[in-house]
Amino acid sequence: MSEVRTFPVVAALDIGGTKTAAAIVTRHGEIVDRLTAPTSGRAGATAILDTAADLVARLRASVTGTHVRAVGVGSAGVIDHRTGRVLSATDTLAGWAGTDLSGRLRDLLGLPVTVINDVHAHALGEARHGVAAGHETTLFVAVGTGIGASFVIDGTVLAGAHSTAGHAGHQPSPYAGGLACTCGGHGHLEAIASGPGLTQEYSRRTGQRVDDLRAVAARAADGDAVAREVILLGGTAVGSAVGGLVNMLDPGAVVVGGGVAGLGGPWWQALRDAVRRETLPSLDDVPVLASALGSDAALLGAASLAWEGTA
């Protein structure tokens, strides 16, 4: 009786505040199959982990002819990159802070588990498989509900001494004035340039309540001058901050992603113009690129870490 051959793969997880995605990924960064489910954020850490483990188990059962060797995870929250423990998290994920994410998933799945923050995972995906592939250093900036960043050097994330590197949204911004930030501080970039920040800025300027940034974008498309000004403000604020980071880090490329980056041409033009106003002349040729992999980037980045752990 001949031996049944299987080809090695890893599983990847992207655990976010609203959605958890899972995928089976080859060594070359090809996604074989994927599943998603709502994140049970209000139900606590056990429910979140059960959802994640169930997605991986279902994929392992459905993708025949493969052998899952390890699991890579990109997760919301501040993650200790050495232990895989969640150091802190927002209230979106109840009870997430303090969770031994690596250990508990290992127990549930019986596989080696590597964990990193989700923005860092996204950065790794773009640096290794996306628009920044081939660059020695990459600065990734995610602009969405919050604003985060990651610096990748030779395929390795700069996590920082306290695993907290990349909180780009919590640097002072001249465009934020004294606005309150979600971190408890004031005048930070996230307060003015994140999705909620831009939505609130439109309401402050008009006195009109809008549900979210999509509504502001729709009004801008319909010719609302204030909505357009707010969108340009967001791009300018992010670009100014990115320009300062480029001066400090001298990356080979900048990649910008996240939901706010989908606002379109005017936002991007404002961002790129602001970057160029801030950067030193010798850095004028640093490309500012749009994320090419979208939501797959975090999965591919997490998977690449899992593969490293199997070497």
# chains A, B, ... in the order shown; residues from 1 in each chain; ligands from 1
>>> residues_around(residues="segment 307-309 of chain A", least_positions_apart="4", cutoff="10 Å", atoms="only C-alpha atoms", output="VMD selection string")
chain A and resid 8 to 11 25 to 28 69 to 72 112 to 114 302 to 303
>>> write_last_selection(atoms="all heavy atoms", output="CSV table (one decimal), in the first residue's frame")
chain,number,residue,atom,x,y,z
A,8,PRO,N,3.2,20.4,3.0
A,8,PRO,CA,3.2,21.2,4.2
A,8,PRO,C,2.6,22.6,3.9
A,8,PRO,O,2.8,23.2,2.9
A,8,PRO,CB,4.7,21.3,4.6
A,8,PRO,CG,5.4,21.2,3.3
A,8,PRO,CD,4.6,20.2,2.5
A,9,VAL,N,1.8,23.1,4.9
A,9,VAL,CA,1.2,24.4,4.9
A,9,VAL,C,1.2,24.9,6.3
A,9,VAL,O,1.5,24.2,7.3
A,9,VAL,CB,-0.2,24.4,4.3
A,9,VAL,CG1,-0.3,24.0,2.9
A,9,VAL,CG2,-1.1,23.5,5.2
A,10,VAL,N,0.9,26.2,6.5
A,10,VAL,CA,0.6,26.7,7.8
A,10,VAL,C,-0.7,27.3,7.9
A,10,VAL,O,-1.3,27.6,6.8
A,10,VAL,CB,1.7,27.8,8.3
A,10,VAL,CG1,3.1,27.1,8.3
A,10,VAL,CG2,1.7,29.0,7.3
A,11,ALA,N,-1.3,27.5,9.0
A,11,ALA,CA,-2.5,28.3,9.2
A,11,ALA,C,-2.2,29.7,9.7
A,11,ALA,O,-1.2,29.9,10.4
A,11,ALA,CB,-3.4,27.6,10.2
A,25,VAL,N,-2.0,28.6,4.2
A,25,VAL,CA,-1.0,29.4,3.4
A,25,VAL,C,0.2,28.5,3.1
A,25,VAL,O,0.7,27.8,4.0
A,25,VAL,CB,-0.5,30.7,4.1
A,25,VAL,CG1,0.4,31.5,3.2
A,25,VAL,CG2,-1.7,31.5,4.5
A,26,THR,N,0.7,28.5,1.8
A,26,THR,CA,1.9,27.7,1.5
A,26,THR,C,3.1,28.5,1.8
A,26,THR,O,3.1,29.7,2.2
A,26,THR,CB,1.9,27.5,0.0
A,26,THR,OG1,2.1,28.7,-0.7
A,26,THR,CG2,0.6,26.9,-0.5
A,27,ARG,N,4.2,27.9,1.7
A,27,ARG,CA,5.5,28.5,2.0
A,27,ARG,C,5.8,29.7,1.1
A,27,ARG,O,6.5,30.7,1.5
A,27,ARG,CB,6.7,27.5,1.9
A,27,ARG,CG,8.0,28.1,2.3
A,27,ARG,CD,9.1,27.0,2.2
A,27,ARG,NE,8.9,25.9,3.1
A,27,ARG,CZ,9.3,25.9,4.4
A,27,ARG,NH1,9.9,26.9,4.9
A,27,ARG,NH2,9.2,24.8,5.1
A,28,HIS,N,5.2,29.7,-0.1
A,28,HIS,CA,5.4,30.8,-1.0
A,28,HIS,C,4.4,31.9,-0.9
A,28,HIS,O,4.3,32.8,-1.8
A,28,HIS,CB,5.4,30.3,-2.5
A,28,HIS,CG,6.5,29.2,-2.7
A,28,HIS,ND1,7.8,29.5,-2.7
A,28,HIS,CD2,6.4,27.9,-2.9
A,28,HIS,CE1,8.5,28.4,-2.9
A,28,HIS,NE2,7.7,27.4,-3.1
A,69,ARG,N,1.5,22.7,9.7
A,69,ARG,CA,2.7,22.5,10.6
A,69,ARG,C,2.7,23.5,11.8
A,69,ARG,O,3.4,23.3,12.8
A,69,ARG,CB,4.0,22.7,9.8
A,69,ARG,CG,4.1,21.7,8.7
A,69,ARG,CD,5.4,21.9,7.9
A,69,ARG,NE,6.6,21.8,8.8
A,69,ARG,CZ,7.9,21.9,8.3
A,69,ARG,NH1,8.1,22.1,7.0
A,69,ARG,NH2,8.9,21.8,9.1
A,70,ALA,N,2.1,24.7,11.6
A,70,ALA,CA,2.1,25.7,12.7
A,70,ALA,C,1.1,26.7,12.4
A,70,ALA,O,0.4,26.7,11.3
A,70,ALA,CB,3.5,26.4,12.7
A,71,VAL,N,0.9,27.6,13.3
A,71,VAL,CA,-0.1,28.7,13.2
A,71,VAL,C,0.6,30.0,13.5
A,71,VAL,O,1.3,30.2,14.4
A,71,VAL,CB,-1.3,28.5,14.2
A,71,VAL,CG1,-2.3,29.6,14.1
A,71,VAL,CG2,-1.9,27.2,14.1
A,72,GLY,N,0.3,31.0,12.6
A,72,GLY,CA,0.8,32.4,12.8
A,72,GLY,C,-0.4,33.3,13.0
A,72,GLY,O,-1.4,33.1,12.4
A,112,PRO,N,2.4,24.5,17.1
A,112,PRO,CA,3.1,25.6,17.5
A,112,PRO,C,2.5,26.9,17.0
A,112,PRO,O,1.9,27.0,15.9
A,112,PRO,CB,4.5,25.4,16.8
A,112,PRO,CG,4.5,24.0,16.4
A,112,PRO,CD,3.1,23.6,16.2
A,113,VAL,N,2.5,28.0,17.9
A,113,VAL,CA,1.8,29.2,17.6
A,113,VAL,C,2.8,30.4,17.7
A,113,VAL,O,3.5,30.5,18.7
A,113,VAL,CB,0.6,29.4,18.5
A,113,VAL,CG1,-0.1,30.8,18.2
A,113,VAL,CG2,-0.4,28.3,18.3
A,114,THR,N,2.8,31.3,16.7
A,114,THR,CA,3.6,32.5,16.8
A,114,THR,C,2.6,33.7,16.7
A,114,THR,O,1.7,33.6,15.8
A,114,THR,CB,4.6,32.6,15.6
A,114,THR,OG1,5.4,31.4,15.6
A,114,THR,CG2,5.5,33.8,15.7
A,302,ALA,N,1.5,37.0,9.1
A,302,ALA,CA,1.4,36.0,10.2
A,302,ALA,C,1.9,34.6,9.7
A,302,ALA,O,2.6,33.9,10.4
A,302,ALA,CB,0.0,35.9,10.7
A,303,ALA,N,1.5,34.3,8.5
A,303,ALA,CA,1.9,33.0,8.0
A,303,ALA,C,3.4,32.9,7.8
A,303,ALA,O,4.0,31.9,8.1
A,303,ALA,CB,1.2,32.7,6.7
>>> residues_around(residues="Ile31 of chain A", least_positions_apart="6", cutoff="9 Å", atoms="only C-alpha atoms", output="PyMOL selection string")
chain A and resi 23-25+296+299-300
>>> residues_around(residues="Gly259 of chain A", least_positions_apart="6", cutoff="9 Å", atoms="only C-alpha atoms", output="PyMOL selection string")
chain A and resi 142-145+195
>>> closest_residue(among="A:Leu139, A:Cys181, A:Ala225, A:Ala127", to="Pro287 of chain A", atoms="only C-alpha atoms")
A:Leu139
>>> select_by_dssp(residues="segment 59-101 of chain A", states="strand (DSSP E)", output="PyMOL selection string")
chain A and resi 66-75+78-79+86-88
>>> write_last_selection(atoms="N, CA, C and O atoms", output="short mmCIF file (atom, residue, chain, number, x, y, z; two decimals), in the first residue's frame")
data_model
loop_
_atom_site.label_atom_id
_atom_site.label_comp_id
_atom_site.auth_asym_id
_atom_site.auth_seq_id
_atom_site.Cartn_x
_atom_site.Cartn_y
_atom_site.Cartn_z
N THR A 66 -3.03 18.17 2.73
CA THR A 66 -2.09 19.11 3.36
C THR A 66 -1.79 18.68 4.79
O THR A 66 -2.58 17.98 5.43
N HIS A 67 -0.66 19.17 5.28
CA HIS A 67 -0.28 18.95 6.67
C HIS A 67 0.04 20.31 7.28
O HIS A 67 1.01 20.95 6.89
N VAL A 68 -0.81 20.77 8.21
CA VAL A 68 -0.61 22.07 8.85
C VAL A 68 0.49 21.93 9.90
O VAL A 68 0.36 21.15 10.85
N ARG A 69 1.54 22.70 9.72
CA ARG A 69 2.72 22.54 10.59
C ARG A 69 2.74 23.52 11.77
O ARG A 69 3.37 23.26 12.79
N ALA A 70 2.08 24.68 11.60
CA ALA A 70 2.14 25.70 12.65
C ALA A 70 1.06 26.72 12.39
O ALA A 70 0.39 26.71 11.34
N VAL A 71 0.88 27.63 13.35
CA VAL A 71 -0.12 28.70 13.22
C VAL A 71 0.57 30.04 13.47
O VAL A 71 1.32 30.19 14.44
N GLY A 72 0.32 31.00 12.60
CA GLY A 72 0.79 32.36 12.79
C GLY A 72 -0.41 33.26 13.03
O GLY A 72 -1.45 33.12 12.37
N VAL A 73 -0.30 34.18 13.98
CA VAL A 73 -1.43 35.02 14.37
C VAL A 73 -1.04 36.49 14.35
O VAL A 73 0.00 36.88 14.89
N GLY A 74 -1.88 37.29 13.72
CA GLY A 74 -1.81 38.74 13.85
C GLY A 74 -3.03 39.16 14.65
O GLY A 74 -4.17 38.84 14.28
N SER A 75 -2.82 39.83 15.76
CA SER A 75 -3.94 40.14 16.66
C SER A 75 -3.97 41.61 17.04
O SER A 75 -2.91 42.25 17.20
N VAL A 78 -1.67 45.21 22.04
CA VAL A 78 -0.21 45.22 22.19
C VAL A 78 0.21 43.81 22.57
O VAL A 78 -0.21 43.28 23.60
N ILE A 79 1.03 43.20 21.71
CA ILE A 79 1.40 41.80 21.88
C ILE A 79 2.88 41.70 22.25
O ILE A 79 3.74 42.28 21.58
N VAL A 86 -0.97 38.97 25.33
CA VAL A 86 -1.56 40.28 25.08
C VAL A 86 -1.26 41.18 26.27
O VAL A 86 -1.72 40.93 27.39
N LEU A 87 -0.50 42.24 26.03
CA LEU A 87 -0.11 43.14 27.12
C LEU A 87 -1.20 44.16 27.43
O LEU A 87 -1.42 44.51 28.59
N SER A 88 -1.86 44.64 26.39
CA SER A 88 -2.97 45.58 26.59
C SER A 88 -3.85 45.56 25.36
O SER A 88 -3.42 45.16 24.28
#
